[in-house]
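To start, the structure itself, in structure tokens.
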Amino acid sequence: TTLTFRQSLLQEKPSEQQWPHRAYAELLQADVLPDDLANLVIDCLRGHGGTSIGVVANIAPPEPGSRDLLGFISYGYAQQLLRLDRIEEYLLFVYAHRYQVHTRGSWTAGEVSGITGGMPLFCIPAQMTIPLLLRWMLVSDDSAGEQLFLARALPRAW
């Protein structure tokens, strides 16, 4: 196909590109792409509406109410941002995920969360995202496991 995933979802029923966010997020999480291709996947997601306030979006046909955020499986996207030294984007992901996917004052997180509030479907893997991201902010390694980074992604205010 020559269509973007958004175009495909609008024009094709069923679409060959149904649930593209899952394939992209898991491809990035596997950490098997060379840096140039990983950057290209991230840029394509961002450029074609596959992210919402910095977090991988639950990609659906475009409509005003479809800007949901993925609570789970999206941490591979964030990990790749960190490995590619895209620190500002990583921090945006951390804060957006924490304040839009998790309920206030708890670690309860949803599988898919809207950006306008409401109660998402509880999802244990989504609850692990912020602890993982915080750990990687403090201590992470490179893709080859040859370098250890300390405080690589700490916000400057900290």
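Chain identifiers are assigned as A, B, and so on, following the order in which chains appear in the structure tokens; residues are numbered from 1 within each chain, and ligands are numbered from 1 in order of appearance.
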
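Taking only C-alpha atoms, the non-local environment of range 11-27 of chain A within 8 Å (same-chain residues fewer than 6 positions away omitted) comprises A:Phe5, A:Leu33, A:Val41, A:Gly50, A:Val56, A:Ala57, A:Asn58, A:Ile59, A:Ala60, A:Ile73, A:Ser74, A:Tyr75, A:Gly76, A:Tyr77.
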
With C-alpha atoms retained, write the just-selected residues as an mmCIF file, in the first residue's frame.
data_model
loop_
_atom_site.group_PDB
_atom_site.id
_atom_site.type_symbol
_atom_site.label_atom_id
_atom_site.label_comp_id
_atom_site.auth_asym_id
_atom_site.auth_seq_id
_atom_site.Cartn_x
_atom_site.Cartn_y
_atom_site.Cartn_z
ATOM 1 C CA PHE A 5 -2.005 4.362 8.247
ATOM 2 C CA LEU A 33 16.491 -1.616 14.060
ATOM 3 C CA VAL A 41 9.756 4.898 12.584
ATOM 4 C CA GLY A 50 0.521 8.168 15.620
ATOM 5 C CA VAL A 56 1.868 6.471 21.269
ATOM 6 C CA ALA A 57 -1.759 6.960 20.283
ATOM 7 C CA ASN A 58 -4.416 4.320 19.915
ATOM 8 C CA ILE A 59 -4.552 4.780 16.156
ATOM 9 C CA ALA A 60 -8.033 4.767 14.700
ATOM 10 C CA ILE A 73 3.052 -1.480 24.976
ATOM 11 C CA SER A 74 4.112 2.144 24.500
ATOM 12 C CA TYR A 75 7.102 1.967 26.846
ATOM 13 C CA GLY A 76 9.202 0.400 24.062
ATOM 14 C CA TYR A 77 8.678 3.606 22.083
#

For Asp85 in chain A: contacts at 12 Å, only C-alpha atoms, fewer than 4 positions along chain excluded, given as an NGL selection string: :A and (35 or 38-39 or 78-81 or 89-91 or 137 or 140-143 or 149 or 152-153)

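With distances restricted to only C-alpha atoms, A:Gly114 is the closest residue to Val55 in chain A from A:Gly105, A:Gly114, A:Gly145, A:Pro120.
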
DSSP alpha helix (DSSP H) residues within range 51-82 of chain A, as an NGL selection string: :A and (75-82)

Please produce an output containing N, CA and C atoms for each residue in the selection, written as a PDB file, in the first residue's frame.
ATOM      1  N   TYR A  75       5.818   1.683  26.193  1.00  0.00           N
ATOM      2  CA  TYR A  75       7.102   1.967  26.846  1.00  0.00           C
ATOM      3  C   TYR A  75       8.293   1.598  25.970  1.00  0.00           C
ATOM      4  N   GLY A  76       8.121   0.700  25.003  1.00  0.00           N
ATOM      5  CA  GLY A  76       9.202   0.400  24.062  1.00  0.00           C
ATOM      6  C   GLY A  76       9.529   1.603  23.187  1.00  0.00           C
ATOM      7  N   TYR A  77       8.494   2.357  22.825  1.00  0.00           N
ATOM      8  CA  TYR A  77       8.678   3.606  22.083  1.00  0.00           C
ATOM      9  C   TYR A  77       9.506   4.572  22.922  1.00  0.00           C
ATOM     10  N   ALA A  78       9.145   4.711  24.195  1.00  0.00           N
ATOM     11  CA  ALA A  78       9.878   5.615  25.083  1.00  0.00           C
ATOM     12  C   ALA A  78      11.320   5.155  25.270  1.00  0.00           C
ATOM     13  N   GLN A  79      11.516   3.866  25.440  1.00  0.00           N
ATOM     14  CA  GLN A  79      12.872   3.347  25.620  1.00  0.00           C
ATOM     15  C   GLN A  79      13.730   3.658  24.394  1.00  0.00           C
ATOM     16  N   GLN A  80      13.151   3.552  23.222  1.00  0.00           N
ATOM     17  CA  GLN A  80      13.910   3.854  22.011  1.00  0.00           C
ATOM     18  C   GLN A  80      14.220   5.345  21.921  1.00  0.00           C
ATOM     19  N   LEU A  81      13.296   6.208  22.371  1.00  0.00           N
ATOM     20  CA  LEU A  81      13.595   7.639  22.424  1.00  0.00           C
ATOM     21  C   LEU A  81      14.838   7.883  23.269  1.00  0.00           C
ATOM     22  N   LEU A  82      14.910   7.226  24.397  1.00  0.00           N
ATOM     23  CA  LEU A  82      16.057   7.384  25.290  1.00  0.00           C
ATOM     24  C   LEU A  82      17.330   6.858  24.634  1.00  0.00           C
TER      25      LEU A  82
END

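Distances from A:Leu10, A:Ser113, A:Ala151, A:Thr108 to Glu63 in chain A were compared using only C-alpha atoms, and the smallest one belongs to A:Leu10.
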
Using only C-alpha atoms: which of A:Asp36, A:Ala96, A:Pro131, A:Ser8 has the shortest distance to Thr51 in chain A: A:Ala96

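Taking only C-alpha atoms, the non-local environment of range 122-126 of chain A within 9 Å (same-chain residues fewer than 4 positions away omitted) comprises A:Leu70, A:Gly71, A:Phe72, A:Ile73, A:Ser74, A:Tyr75, A:Val101, A:His102, A:Thr108, A:Ala109, A:Gly110, A:Glu111, A:Val112, A:Ile130.
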
Pick from A:Leu3, A:Ile115, A:Ala144, A:Phe93, whichever lies nearest to Pro34 in chain A using only C-alpha atoms: A:Ala144

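Taking CA of Trp107 in chain A as the reference point, CA of Gln127 in chain A is found at 6.0 Å.
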
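Pairwise distance (CA of Gln100 in chain A, CA of Ser52 in chain A) equals 10.5 Å.
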
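Here the residues within range 24-62 of chain A that DSSP labels strand (DSSP E) on the basis of the backbone are Thr51, Ser52, Val55 and Val56 of chain A.
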
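With only C-alpha atoms as the atoms that count, the residue of A:Tyr95, A:Arg104, A:Arg156, A:Glu146 with the shortest distance to Leu134 in chain A is A:Tyr95.
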